[in-house]
Structures are given as C-alpha cells and as structure tokens.
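Following: one structure in structure tokens, then a few remarks.
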Amino acid sequence: MAIVAEFNDLTLNPSRNSNCSDEMDPNQRSELLKSIKNVGYDEALLSENQLSTALDEGPKSVEYTKLVSFLANELREICNLDEHINTIATPEDSSTFIMETSSFLHELSCPYERLVQGPVSDRLNTPEDRHLLVRYLTSELMAARILRENQPGKRLDLKLKESEQASDLRKILQILGYPQPPKNITMQLLLKKLVPSIQNLIAKAPKDLIGSPIFSGTLSEEQWETLETVNRDLHDEYFIRREMLLKRLDCTIQSFQWSGKTKGKDGKFERDYGEKRKPLTPEPEIGIADLLAARDDVAIIEKTSNAAVRKHTKSSINRVIIGAVPDRGGRTSEQAPPPP
C-alpha cells in the first residue's frame with residue numbers, strides 16, 4: 001500500500017510540473033527520496049545530501065545515471081520497450097546518456113516538452129529538470145507495477161519455455177530411441193548412458209559426415225578459467241559491436257522518416273521494420289560449447305575470389321564499369337538539422 005499511497009501523491013500533470021520554480025524546497029527532495037526507496041532502489045542516493053549532489057551534477061554523475069538507468073530498465077521490462085538507458089562510466093559519456101534518455105522518453109510518450117523537445121544539449125541542464133525526470137520515471141514505474149498487479153489473469157497465464165539445452169537433450173533421446181528418463185536421474189548418469197550409444201552411431205556413419213573435432217585435447221582447471229576469461233572478453237567486445245550496428249540500422253531507418261515523402265507512414269515503418277528488427281539483439285549467441293563442438297573444417301576459409309566460390313556468384317553485372325558519378329553530398333556539416 002505504500003507504493004499506492006506514494007503514487008497518489010505524485011502528479012502526472014505536465015503543465016503543473018513544467019512551471020516549477022527554480023528553487024526546490026527540501027520537501028520536494030524528501031518526497032523524491034521517498035519515491036526512490038518505494039520503487040526498490042537500494043543503491044546509493046539513499047540520503048538527501050547524496051541525492052542533492054547527484055541532482056546538481058546531473059548527467060555527469062555516475063550515481064544519477066545509475067538511478068535513471070535502474071528506473072528505465074524496470075519500465076523497459078514491464079512495458080516491453082525497445083530503447084534503454086546505460087549508466088555512464090565517465091563524465092564524458094554524458095552526451096550519450098542524454099541522447100539515450102531522450103529516445104527512451106519519446107518511446108514512453110513522455111508529456112513533458114522540456115525533457116523531449118528542443119536541442120539535445122539544452123536538456124537536463126538544470127537540477128529542476130533532473131528532478132522532474134526522476135519524478136516522472138518513478139511515477140510511471142509505480143503506475144506500471146500497479147497495472148500489472150491488477151491483471152491477475154495475465155500473471156497466472158504461465159507458459160513453460162523449454163531451454164535450448166533441454167530441447168537438444170530431448171532430440172538426442174528421441175533419435176536414439178530412449179524412453180523418457182526418470183525424474184530422479186542425475187545428468188551425469190544420463191550422459192554415461194548416452195555416450196556409448198552416440199559413439200556406436202558415429203562409428204557406423206560415413207567418415208566425412210561429422211568430421212574431426214578442431215580441438216581434442218584436455219585442459220587443466222587453470223586453463224578452463226583462462227578460456228572462460230577470453231570467452232567473456234570476446235562476448236563483451238562483440239556485444240558492443242552488435243549493439244553499434246543495430247543502432248546504426250535504427251538511425252538509418254529513422255533518417256528515411258525525415259523525408260516528406262514518408263509523412264503519415266509511421267505506422268507502416270513500425271509494422272514492416274519492427275517485425276524484422278525485434279529478433280535482432282546485441283547478445284552474441286556463441287559460447288564455449290560451440291568451440292568444443294566445432295569441427296576441423298571451420299578452420300578452412302575460402303576467399304570470395306576463389307574459383308570455387310566465384311562459380312556460384314559470378315554474373316554479368318560484375319562486368320559493368322561505373323563511370324564518373326556526380327557528388328551525392330551526404331556531409332553532415334552541410335545539412336540543416338531535421339525539424340523538431
């Protein structure tokens with residue numbers, strides 16, 4: 001009930017908050033601190049002095065951006081939003097934080113013009129705007145949680161999702177003709193029963209059907225830890241790369257919508273592009289299991305100019321020589337900014 005009481009005390013009237021005074025009284029910050037605690041935020045900023053410091057520093061404060069990121073991620077999970085807000089690592093990342101916040105607020109249909117309109121560099125410039133942002137996100141989060149709690153039918157509609165590992169194990173048992181294993185069997189015992197059957201099946205298969213593993217040695221415990229560290233570093237690296245490529249893709253699609261020819265077609269963009277975009281995630285799908293399962297042919301890399309490859313890609317268009325083309329522009333320094 002504490003959340004409901006606090007939510008009733010918060011206003012969602014944009015006109016009221018957009019004209020707040022330049023000086024916030026202690027009661028406002030006390031109410032904001034109470035709201036932050038009520039939504040379950042248990043990091044720093046749990047005292048009025050810490051909160052005041054964070055609001056004064058704003059987007060250049062790691063603690064402030066951590067709070068906003070927490071609220072945004074909670075809303076993103078409940079409301080199935082696409083945009084997200086990351087915590088900054090250094091004050092130099094503040095501009096990225098502001099852009100991510102603006103995109104998130106646009107998707108959330110934020111009614112406060114001072115937070116979503118005008119030059120990006122002018123947003124969250126004052127402690128009042130930073131206070132308003134946190135107040136708005138906490139009230140939205142409380143409302144989203146209340147709506148979710150008031151829909152017991154949806155909460156009780158449980159769907160059991162089979163994990164990828166369980167699905168693979170079920171297929172192996174089916175192919176080998178095994179019945180459903182008893183519930184009390186351990187994974188170690190089940191694998192001991194499966195390995196001989198799999199080895200017999202592989203021995204009967206043609207030699208080149210599966211191939212040889214690319215790695216067939218053994219690793220010490222220390223080497224396994226090193227391999228896990230390398231895998232984690234590569235995972236983080238390619239997560240950033242995939243996230244960057246997806247962001248570039250989103251920006252490209254958004255640039256098409258700036259054209260006057262696409263006016264009124266936002267629904268078609270969202271429908272056609274959204275369906276293809278949703279399955280694309282920055283999370284890499286390659287892990288140590290894929291390395292151990294790789295065969296020796298994965299090390300064979302054929303050049304795209306190889307005769308065997310070109311046999312399937314050669315076409316008459318490859319012989320077309322493009323002459324001089326006019327300057328197509330595209331330099332950002334020569335373009336006017338898009339309308340707000």
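Here, A, B, ... name the chains of the structure tokens in the order displayed, residue numbers run from 1 inside each chain, and ligands are numbered from 1 in the same displayed order.
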
Could you make a table, as a tab-separated table, of the residues of stretch 13-101 of chain A that have an atom within 7 Å of an atom of stretch 116-136 of chain A, each with its nearest atom pair and distance in Å to one decimal, counting only C-alpha atoms, in chain and number order?
residue	atom	partner	partner_atom	distance
A:Asp22	CA	A:Glu128	CA	6.7
A:Leu32	CA	A:Arg135	CA	6.4
A:Leu55	CA	A:Pro127	CA	5.3
A:Asp56	CA	A:Pro127	CA	5.4
A:Gly58	CA	A:Arg130	CA	6.3
A:Val68	CA	A:Val134	CA	6.6
A:Met99	CA	A:Val120	CA	6.9

Store the residues picked out above, limited to N, CA, C and O atoms, as a compact mmCIF listing (two decimals), in the first residue's frame.
# COMPACT_ATOMS: atom_id res chain seq x y z
N ASP A 22 12.45 27.73 -9.78
CA ASP A 22 13.86 27.43 -9.95
C ASP A 22 14.49 26.86 -8.69
O ASP A 22 15.50 26.19 -8.75
N LEU A 32 10.87 12.99 -3.21
CA LEU A 32 11.52 12.25 -4.28
C LEU A 32 12.34 11.09 -3.71
O LEU A 32 12.32 9.98 -4.26
N LEU A 55 21.67 15.39 -8.17
CA LEU A 55 20.82 16.27 -8.97
C LEU A 55 21.60 17.49 -9.44
O LEU A 55 21.37 17.99 -10.55
N ASP A 56 22.53 17.97 -8.64
CA ASP A 56 23.35 19.12 -9.05
C ASP A 56 24.29 18.74 -10.20
O ASP A 56 24.50 19.53 -11.12
N GLY A 58 23.89 15.95 -12.23
CA GLY A 58 23.06 15.50 -13.34
C GLY A 58 23.70 14.43 -14.20
O GLY A 58 24.26 13.45 -13.69
N VAL A 68 18.69 6.60 -12.94
CA VAL A 68 17.83 6.72 -14.12
C VAL A 68 17.84 5.42 -14.92
O VAL A 68 16.80 4.96 -15.41
N MET A 99 21.17 11.53 -24.98
CA MET A 99 20.52 11.05 -26.21
C MET A 99 19.72 9.78 -25.95
O MET A 99 18.60 9.62 -26.46

Task: Sel. of alpha helix (DSSP H) residues, stretch 130-230 of chain A, as a PyMOL selection string - done: chain A and resi 130-149+152-155+164-176+187-204+207-210+221-230

- [ ] Grab the atom CA of A:Tyr178 to atom CA of A:Asp290 distance for me, in Å with one decimal place.
- [x] 25.1 Å

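The shortest atom-to-atom distance to A:Lys66, with only C-alpha atoms taken into account, belongs to A:Asn86 out of A:Gln50, A:Asn231, A:Ser139, A:Asn86.
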
Task: Distance query A:Pro181 at most 12 Å, only C-alpha atoms, self and fewer than 5 positions along chain excluded, as a PyMOL selection string - done: chain A and resi 169-170+173-174+186-187+189-191+193-194

Open item on the list: For A:Arg295, find every residue with an atom within 8 Å (counting only C-alpha atoms), except residues of its own chain fewer than 4 positions away, and show them as a VMD selection string.
Closed with: chain A and resid 210 to 215

Mind dumping the selected residues with N, CA, C and O atoms as a PDB file, in the first residue's frame?
ATOM      1  N   ILE A 210      30.582 -36.229 -40.115  1.00  0.00           N
ATOM      2  CA  ILE A 210      30.736 -35.350 -38.955  1.00  0.00           C
ATOM      3  C   ILE A 210      32.094 -34.669 -38.935  1.00  0.00           C
ATOM      4  O   ILE A 210      32.220 -33.515 -38.552  1.00  0.00           O
ATOM      5  N   GLY A 211      33.133 -35.378 -39.389  1.00  0.00           N
ATOM      6  CA  GLY A 211      34.466 -34.804 -39.357  1.00  0.00           C
ATOM      7  C   GLY A 211      35.117 -34.945 -37.996  1.00  0.00           C
ATOM      8  O   GLY A 211      34.548 -35.499 -37.054  1.00  0.00           O
ATOM      9  N   SER A 212      36.308 -34.419 -37.890  1.00  0.00           N
ATOM     10  CA  SER A 212      37.052 -34.496 -36.634  1.00  0.00           C
ATOM     11  C   SER A 212      36.910 -33.185 -35.862  1.00  0.00           C
ATOM     12  O   SER A 212      36.795 -32.111 -36.468  1.00  0.00           O
ATOM     13  N   PRO A 213      36.929 -33.251 -34.535  1.00  0.00           N
ATOM     14  CA  PRO A 213      36.838 -32.013 -33.756  1.00  0.00           C
ATOM     15  C   PRO A 213      38.073 -31.153 -33.950  1.00  0.00           C
ATOM     16  O   PRO A 213      39.187 -31.670 -34.121  1.00  0.00           O
ATOM     17  N   ILE A 214      37.894 -29.856 -33.922  1.00  0.00           N
ATOM     18  CA  ILE A 214      39.038 -28.957 -34.103  1.00  0.00           C
ATOM     19  C   ILE A 214      39.924 -28.964 -32.870  1.00  0.00           C
ATOM     20  O   ILE A 214      41.109 -28.652 -32.939  1.00  0.00           O
ATOM     21  N   PHE A 215      39.363 -29.334 -31.724  1.00  0.00           N
ATOM     22  CA  PHE A 215      40.142 -29.437 -30.502  1.00  0.00           C
ATOM     23  C   PHE A 215      39.786 -30.746 -29.808  1.00  0.00           C
ATOM     24  O   PHE A 215      38.618 -31.012 -29.518  1.00  0.00           O
TER      25      PHE A 215
END
